[in-house]
$ cat protein_39.cif   # mmCIF, C-alpha atoms
data_model
#
loop_
_atom_site.label_atom_id
_atom_site.label_comp_id
_atom_site.auth_asym_id
_atom_site.auth_seq_id
_atom_site.Cartn_x
_atom_site.Cartn_y
_atom_site.Cartn_z
CA MET A 14 22.10 49.52 -35.95
CA LEU A 15 23.10 46.42 -37.93
CA ALA A 16 25.36 45.25 -35.10
CA THR A 17 22.51 45.63 -32.61
CA PHE A 18 20.15 43.64 -34.84
CA SER A 19 22.75 40.89 -35.24
CA LEU A 20 23.25 40.70 -31.48
CA LEU A 21 19.51 40.47 -30.81
CA PHE A 22 19.14 37.77 -33.45
CA SER A 23 22.01 35.81 -31.93
CA VAL A 24 20.52 35.99 -28.42
CA HIS A 25 17.08 34.95 -29.71
CA ALA A 26 18.52 32.02 -31.66
CA LYS A 27 20.46 30.82 -28.63
CA ALA A 28 17.32 30.99 -26.47
CA GLU A 29 15.43 28.84 -28.96
CA LYS A 30 18.12 26.14 -29.25
CA LEU A 31 16.66 22.75 -28.47
CA ASP A 32 19.79 21.18 -27.03
CA GLU A 33 18.55 21.08 -23.43
CA ILE A 34 15.23 20.44 -21.68
CA LEU A 35 14.72 21.51 -18.07
CA LEU A 36 12.31 19.29 -16.12
CA ALA A 37 10.86 20.04 -12.69
CA SER A 38 9.24 17.58 -10.32
CA GLU A 39 8.50 16.72 -6.76
CA GLU A 40 10.93 14.13 -5.41
CA TRP A 41 9.39 10.66 -5.51
CA GLN A 42 11.14 7.48 -4.41
CA ARG A 43 12.61 5.47 -7.31
CA ALA A 44 11.07 7.93 -9.79
CA THR A 45 12.47 11.47 -9.51
CA LEU A 46 15.24 11.52 -6.97
CA SER A 47 16.98 14.83 -6.33
CA ASP A 48 20.34 13.41 -7.48
CA GLY A 49 18.94 12.98 -11.01
CA THR A 50 18.33 9.23 -10.76
CA GLY A 51 15.02 7.43 -10.97
CA LEU A 52 12.67 5.85 -13.49
CA TYR A 53 11.01 9.03 -14.73
CA TRP A 54 14.29 10.85 -15.28
CA ASP A 55 15.60 7.79 -17.15
CA ILE A 56 12.52 7.69 -19.39
CA PHE A 57 13.02 11.30 -20.37
CA ARG A 58 16.68 10.70 -21.11
CA TYR A 59 15.64 7.78 -23.33
CA VAL A 60 13.23 10.06 -25.19
CA TYR A 61 15.35 13.16 -25.61
CA GLU A 62 19.04 12.32 -25.49
CA PRO A 63 19.06 10.28 -28.75
CA ALA A 64 17.59 13.43 -30.33
CA GLY A 65 20.58 15.44 -29.09
CA ILE A 66 18.74 17.06 -26.18
CA LYS A 67 20.33 17.01 -22.73
CA VAL A 68 17.96 16.43 -19.81
CA LYS A 69 18.40 18.64 -16.74
CA THR A 70 16.34 18.08 -13.60
CA LEU A 71 15.04 20.15 -10.70
CA THR A 72 13.25 18.88 -7.60
CA PHE A 73 10.74 21.03 -5.75
CA PRO A 74 7.43 20.66 -3.95
CA TYR A 75 4.81 19.84 -6.58
CA GLU A 76 3.18 23.25 -6.76
CA THR A 77 6.56 24.95 -7.08
CA ALA A 78 7.41 22.71 -10.02
CA VAL A 79 4.12 23.69 -11.66
CA SER A 80 4.85 27.36 -11.02
CA TYR A 81 8.28 27.08 -12.62
CA VAL A 82 6.69 25.88 -15.85
CA GLN A 83 3.94 28.48 -15.74
CA ARG A 84 6.55 31.23 -15.37
CA GLY A 85 8.74 29.83 -18.14
CA ARG A 86 11.56 28.85 -15.81
CA ALA A 87 11.28 25.15 -16.73
CA ASP A 88 10.16 23.41 -19.91
CA ALA A 89 7.91 20.77 -18.32
CA TRP A 90 6.89 19.33 -14.98
CA LEU A 91 6.25 15.74 -13.87
CA ALA A 92 3.92 14.07 -13.26
CA SER A 93 0.67 15.73 -14.25
CA TYR A 94 -2.72 14.18 -14.78
CA LEU A 95 -4.23 14.88 -18.18
CA ASN A 96 -5.48 18.48 -18.53
CA GLU A 97 -4.74 19.18 -14.89
CA ARG A 98 -3.80 22.80 -15.64
CA GLU A 99 -5.27 24.97 -18.39
CA PHE A 100 -2.03 26.84 -19.15
CA ALA A 101 0.05 23.72 -19.92
CA LEU A 102 0.52 21.77 -23.16
CA TYR A 103 -0.32 18.07 -22.90
CA PRO A 104 1.02 15.39 -25.24
CA GLN A 105 -0.82 12.36 -26.56
CA TRP A 106 1.43 9.89 -24.75
CA HIS A 107 1.61 9.25 -21.03
CA PHE A 108 4.71 7.71 -19.40
CA ASP A 109 3.21 5.98 -16.38
CA ALA A 110 -0.04 5.37 -14.56
CA GLU A 111 -0.63 5.43 -10.84
CA VAL A 112 -3.22 4.16 -8.45
CA VAL A 113 -4.62 6.91 -6.26
CA SER A 114 -5.39 5.54 -2.82
CA VAL A 115 -7.51 6.72 0.06
CA MET A 116 -6.54 6.48 3.73
CA TYR A 117 -8.96 6.76 6.63
CA ASN A 118 -8.86 6.25 10.39
CA LYS A 119 -11.18 3.46 11.48
CA ASP A 120 -10.84 4.62 15.12
CA ASN A 121 -12.93 7.63 14.10
CA HIS A 122 -15.69 5.25 12.90
CA THR A 123 -14.91 6.15 9.31
CA THR A 124 -15.47 3.62 6.55
CA PHE A 125 -14.91 3.62 2.80
CA GLU A 126 -17.22 1.96 0.29
CA GLY A 127 -16.10 3.72 -2.90
CA ILE A 128 -15.99 7.25 -4.30
CA GLU A 129 -19.46 8.08 -2.98
CA SER A 130 -18.07 7.79 0.55
CA LEU A 131 -16.13 11.02 -0.08
CA THR A 132 -19.30 13.04 -0.66
CA ASN A 133 -19.28 16.23 1.43
CA LYS A 134 -16.50 14.83 3.62
CA GLN A 135 -13.31 16.54 4.80
CA VAL A 136 -10.71 15.32 2.29
CA ALA A 137 -7.02 16.29 2.16
CA TRP A 138 -4.16 15.93 -0.31
CA ILE A 139 -0.83 17.52 -1.20
CA THR A 140 -1.06 21.09 -2.54
CA GLY A 141 -1.58 21.13 -6.29
CA TYR A 142 -2.60 17.50 -6.81
CA ALA A 143 -6.09 18.54 -8.04
CA TYR A 144 -7.84 15.24 -7.44
CA HIS A 145 -11.17 17.05 -7.45
CA LEU A 146 -10.94 17.28 -11.25
CA TYR A 147 -11.15 13.48 -11.50
CA ILE A 148 -13.56 12.66 -8.67
CA ASP A 149 -17.14 13.55 -9.46
CA VAL A 150 -18.51 14.12 -5.97
CA PRO A 151 -18.49 17.30 -3.83
CA MET A 152 -15.84 17.35 -1.11
CA GLN A 153 -14.59 19.74 1.56
CA ILE A 154 -11.02 20.03 0.32
CA HIS A 155 -7.86 20.71 2.33
CA GLU A 156 -4.49 21.11 0.57
CA LEU A 157 -1.31 20.89 2.62
CA ASN A 158 2.36 20.98 1.71
CA ASN A 159 3.48 17.81 3.48
CA ARG A 160 2.15 14.36 4.28
CA LYS A 161 3.12 14.44 7.95
CA SER A 162 0.67 17.29 8.60
CA ILE A 163 -2.11 15.49 6.72
CA LEU A 164 -1.59 12.31 8.74
CA ARG A 165 -1.72 14.28 11.99
CA MET A 166 -5.03 15.78 10.92
CA LEU A 167 -6.35 12.34 10.07
CA LYS A 168 -5.30 10.90 13.43
CA ARG A 169 -6.90 13.81 15.27
CA GLY A 170 -10.17 13.53 13.36
CA ARG A 171 -9.85 16.90 11.64
CA ILE A 172 -10.22 15.27 8.22
CA ASP A 173 -12.04 12.15 7.12
CA TYR A 174 -9.87 11.00 4.21
CA PHE A 175 -6.37 11.45 2.81
CA LEU A 176 -5.83 10.92 -0.93
CA ASP A 177 -2.40 10.25 -2.44
CA ALA A 178 -0.55 8.00 -4.86
CA GLU A 179 -0.54 4.40 -3.66
CA ILE A 180 3.24 4.31 -3.27
CA ASP A 181 3.50 7.64 -1.46
CA ILE A 182 0.64 7.06 0.94
CA GLY A 183 2.15 3.73 1.96
CA LEU A 184 5.57 5.27 2.47
CA ALA A 185 4.07 8.10 4.55
CA LYS A 186 2.30 5.65 6.84
CA LYS A 187 5.47 3.58 7.20
CA GLU A 188 7.53 6.67 8.04
CA PHE A 189 5.22 8.46 10.46
CA TYR A 190 2.86 5.80 11.86
CA PRO A 191 4.51 2.41 11.34
CA GLY A 192 2.43 -0.50 12.52
CA ASP A 193 -0.65 1.67 13.15
CA LYS A 194 -3.53 -0.68 12.36
CA SER A 195 -6.15 2.07 12.66
CA LEU A 196 -5.02 3.73 9.41
CA ILE A 197 -6.60 1.86 6.51
CA ILE A 198 -5.54 2.26 2.87
CA LYS A 199 -7.72 1.31 -0.10
CA ASP A 200 -7.48 1.83 -3.86
CA LEU A 201 -9.57 4.66 -5.27
CA ILE A 202 -8.89 5.40 -8.97
CA LYS A 203 -6.15 4.91 -11.55
CA LEU A 204 -4.85 7.88 -13.55
CA LYS A 205 -2.29 8.22 -16.33
CA LEU A 206 0.72 10.47 -15.79
CA TYR A 207 1.97 12.99 -18.36
CA PRO A 208 4.67 15.59 -18.79
CA ALA A 209 3.03 19.02 -18.78
CA PHE A 210 4.92 21.33 -21.12
CA ALA A 211 5.27 25.10 -20.98
CA ASP A 212 3.04 26.94 -23.44
CA THR A 213 6.00 28.33 -25.36
CA ALA A 214 7.61 27.69 -28.74
CA LYS A 215 10.15 25.44 -27.04
CA GLY A 216 7.45 23.65 -25.07
CA GLN A 217 5.51 22.95 -28.26
CA LYS A 218 8.62 21.53 -29.93
CA PHE A 219 9.49 19.38 -26.93
CA LYS A 220 5.91 18.08 -26.87
CA SER A 221 6.12 17.18 -30.57
CA ILE A 222 9.40 15.33 -30.05
CA TRP A 223 7.85 13.43 -27.13
CA ASP A 224 4.89 12.26 -29.22
CA GLN A 225 7.17 11.32 -32.11
CA ARG A 226 9.58 9.31 -29.96
CA MET A 227 7.24 7.49 -27.58
CA PRO A 228 5.50 5.28 -30.20
CA LYS A 229 8.95 4.08 -31.27
CA ILE A 230 10.29 3.19 -27.83
CA TYR A 231 7.46 2.38 -25.44
CA LYS A 232 7.52 -1.36 -26.19
CA THR A 233 11.27 -1.74 -26.51
CA LYS A 234 13.29 -4.06 -24.33
CA LYS A 235 15.12 -1.07 -22.87
CA MET A 236 11.89 0.66 -21.78
CA LYS A 237 10.57 -2.50 -20.14
CA GLN A 238 13.92 -3.01 -18.43
CA LEU A 239 13.78 0.49 -16.94
CA PHE A 240 10.45 -0.26 -15.28
CA LYS A 241 11.81 -3.57 -14.00
CA GLN A 242 15.02 -1.97 -12.73
CA TRP A 243 13.15 0.64 -10.69
CA GLU A 244 10.45 -1.83 -9.57
CA PHE A 245 7.51 -0.17 -11.29
CA ASP A 246 4.66 -1.89 -13.09
CA TYR A 247 4.87 -1.50 -16.86
CA PRO A 248 2.00 0.89 -17.76
CA PHE A 249 1.57 0.38 -21.51
CA ASP A 250 -0.54 -1.96 -23.56
CA ASP A 251 -1.07 -1.91 -27.33
CA LYS A 252 -3.18 1.23 -27.06
CA ILE A 253 -2.45 4.36 -25.07
#
$ encode --input "protein_39.cif" --output "structure tokens"
Amino acid sequence: MLATFSLLFSVHAKAEKLDEILLASEEWQRATLSDGTGLYWDIFRYVYEPAGIKVKTLTFPYETAVSYVQRGRADAWLASYLNEREFALYPQWHFDAEVVSVMYNKDNHTTFEGIESLTNKQVAWITGYAYHLYIDVPMQIHELNNRKSILRMLKRGRIDYFLDAEIDIGLAKKEFYPGDKSLIIKDLIKLKLYPAFADTAKGQKFKSIWDQRMPKIYKTKKMKQLFKQWEFDYPFDDKI
């Protein structure tokens, strides 16, 4: 009986060791590459590795990354908007901010004059991105797993607008419809990006470490150099 108790205690203690954090994310250029390089992975190494925590990375479609955290198979996913999912733990500090852009096809006589233009229109984005939580107009929403399919729908007039991060929407146009002057891209909103932690004891501890470390490093020369190295705009001012 004593041996069994000791074994169970040992297994539990090992499971709670904070020597490794497992992060899941969609693959984004210069940010979360599948080989473990990129700005976001480097930021998390800067936060956790000085605290003795090894950073391990996984790349999946966005919704799969979210699911891994929800099921306790990863400790956090990147990059979530604040309070995007009810089951996740959100820290005080963001690590980046992105412009969300809108694309439309002017050949379909579509125009864009601001958020109100989306009202009751057919609007598409990548599965799980949840832009409707941050855009206060009713929309007919379509979620798809890849940008190529969304662009085809836009070209064929099956949707009115495509929403995506400014960088990704530009890359998608360049890859699938280079030089197409009918596809117009405009800025829509700007949103901060956060790690979304698993609602577990480990997730809570990792969140606490994040919020303890970020105020100490966000204005350092090293942090600013990381953004410069990966060609990202520095997202911090004196207040978060």
$ resolve_selection --input "protein_39.cif" --expression "the PyMOL selection byres ((chain A and resi 147) around 10)" --output "PDB file with C-alpha atoms, in the frame of the given file"
ATOM      1  CA  TYR A  94      -2.720  14.180 -14.780  1.00  0.00           C
ATOM      2  CA  LEU A  95      -4.230  14.880 -18.180  1.00  0.00           C
ATOM      3  CA  GLU A  97      -4.740  19.180 -14.890  1.00  0.00           C
ATOM      4  CA  ALA A 143      -6.090  18.540  -8.040  1.00  0.00           C
ATOM      5  CA  TYR A 144      -7.840  15.240  -7.440  1.00  0.00           C
ATOM      6  CA  HIS A 145     -11.170  17.050  -7.450  1.00  0.00           C
ATOM      7  CA  LEU A 146     -10.940  17.280 -11.250  1.00  0.00           C
ATOM      8  CA  ILE A 148     -13.560  12.660  -8.670  1.00  0.00           C
ATOM      9  CA  ASP A 149     -17.140  13.550  -9.460  1.00  0.00           C
ATOM     10  CA  VAL A 150     -18.510  14.120  -5.970  1.00  0.00           C
ATOM     11  CA  ILE A 202      -8.890   5.400  -8.970  1.00  0.00           C
ATOM     12  CA  LYS A 203      -6.150   4.910 -11.550  1.00  0.00           C
ATOM     13  CA  LEU A 204      -4.850   7.880 -13.550  1.00  0.00           C
TER      14      LEU A 204
END
$ closest_residue --input "protein_39.cif" --among "A:Asp120, A:Asp224, A:Glu179, A:Asp109" --to "Leu196 (chain A)" --atoms "all atoms listed in the file"
A:Asp120
$ residues_around --input "protein_39.cif" --residues "Gly49 (chain A)" --least-positions-apart "6" --cutoff "10 Å" --atoms "all atoms listed in the file" --output "list in words"
Glu40, Asp55, Val68, Lys69, Thr70, Leu71 and Thr72 of chain A
$ closest_residue --input "protein_39.cif" --among "A:Ala78, A:Leu164, A:Ile34, A:Leu239" --to "Thr50 (chain A)" --atoms "only C-alpha atoms"
A:Leu239
$ closest_residue --input "protein_39.cif" --among "A:Lys205, A:Lys161, A:Lys119, A:Lys235" --to "Asp193 (chain A)" --atoms "only C-alpha atoms"
A:Lys119
$ residues_around --input "protein_39.cif" --residues "Ala89 (chain A)" --least-positions-apart "5" --cutoff "6 Å" --atoms "all atoms listed in the file" --output "PyMOL selection string"
chain A and resi 36+82+209-211
$ residues_around --input "protein_39.cif" --residues "Leu102 (chain A)" --least-positions-apart "4" --cutoff "12 Å" --atoms "all atoms listed in the file" --output "JSON list (two decimals) with C-alpha atoms, in the frame of the given file"
[["chain", "number", "residue", "atom", "x", "y", "z"],
["A", 82, "VAL", "CA", 6.69, 25.88, -15.85],
["A", 83, "GLN", "CA", 3.94, 28.48, -15.74],
["A", 88, "ASP", "CA", 10.16, 23.41, -19.91],
["A", 89, "ALA", "CA", 7.91, 20.77, -18.32],
["A", 90, "TRP", "CA", 6.89, 19.33, -14.98],
["A", 93, "SER", "CA", 0.67, 15.73, -14.25],
["A", 94, "TYR", "CA", -2.72, 14.18, -14.78],
["A", 95, "LEU", "CA", -4.23, 14.88, -18.18],
["A", 96, "ASN", "CA", -5.48, 18.48, -18.53],
["A", 97, "GLU", "CA", -4.74, 19.18, -14.89],
["A", 98, "ARG", "CA", -3.80, 22.80, -15.64],
["A", 207, "TYR", "CA", 1.97, 12.99, -18.36],
["A", 208, "PRO", "CA", 4.67, 15.59, -18.79],
["A", 209, "ALA", "CA", 3.03, 19.02, -18.78],
["A", 210, "PHE", "CA", 4.92, 21.33, -21.12],
["A", 211, "ALA", "CA", 5.27, 25.10, -20.98],
["A", 212, "ASP", "CA", 3.04, 26.94, -23.44],
["A", 213, "THR", "CA", 6.00, 28.33, -25.36],
["A", 214, "ALA", "CA", 7.61, 27.69, -28.74],
["A", 215, "LYS", "CA", 10.15, 25.44, -27.04],
["A", 216, "GLY", "CA", 7.45, 23.65, -25.07],
["A", 217, "GLN", "CA", 5.51, 22.95, -28.26],
["A", 218, "LYS", "CA", 8.62, 21.53, -29.93],
["A", 219, "PHE", "CA", 9.49, 19.38, -26.93],
["A", 220, "LYS", "CA", 5.91, 18.08, -26.87],
["A", 221, "SER", "CA", 6.12, 17.18, -30.57],
["A", 223, "TRP", "CA", 7.85, 13.43, -27.13]]
$ resolve_selection --input "protein_39.cif" --expression "the PyMOL selection byres ((chain A and resi 194) around 12)" --output "ChimeraX atom specification"
/A:116-120,168,186-187,190-193,195-198
$ resolve_selection --input "protein_39.cif" --expression "the PyMOL selection byres ((chain A and resi 60) around 8)" --output "list in words"
Ile56, Phe57, Arg58, Tyr59, Tyr61, Glu62, Pro63, Ala64, Trp223, Arg226, Met227 and Ile230 of chain A
$ residues_around --input "protein_39.cif" --residues "Ser162 (chain A)" --least-positions-apart "5" --cutoff "12 Å" --atoms "all atoms listed in the file" --output "PyMOL selection string"
chain A and resi 137-140+155-157+167-169+171-172+175+185-186+189
$ closest_residue --input "protein_39.cif" --among "A:Gly183, A:Phe108, A:Leu35, A:Glu126" --to "Gly85 (chain A)" --atoms "only C-alpha atoms"
A:Leu35
$ atom_distance --input "protein_39.cif" --atom1 "CA of Glu188 (chain A)" --atom2 "CA of Trp243 (chain A)"
20.5 Å
$ atom_distance --input "protein_39.cif" --atom1 "CA of Pro228 (chain A)" --atom2 "CA of Glu99 (chain A)"
25.4 Å
$ atom_distance --input "protein_39.cif" --atom1 "CA of Leu206 (chain A)" --atom2 "CA of Glu111 (chain A)"
7.2 Å
$ closest_residue --input "protein_39.cif" --among "A:Met236, A:Val113, A:Leu201, A:Ile180" --to "Arg43 (chain A)" --atoms "all atoms listed in the file"
A:Ile180
$ closest_residue --input "protein_39.cif" --among "A:Arg86, A:Lys199, A:Lys232, A:Arg165" --to "Ala37 (chain A)" --atoms "all atoms listed in the file"
A:Arg86
$ residues_around --input "protein_39.cif" --residues "Glu39 (chain A)" --least-positions-apart "5" --cutoff "8 Å" --atoms "only C-alpha atoms" --output "ChimeraX atom specification"
/A:45,72-75,78,91
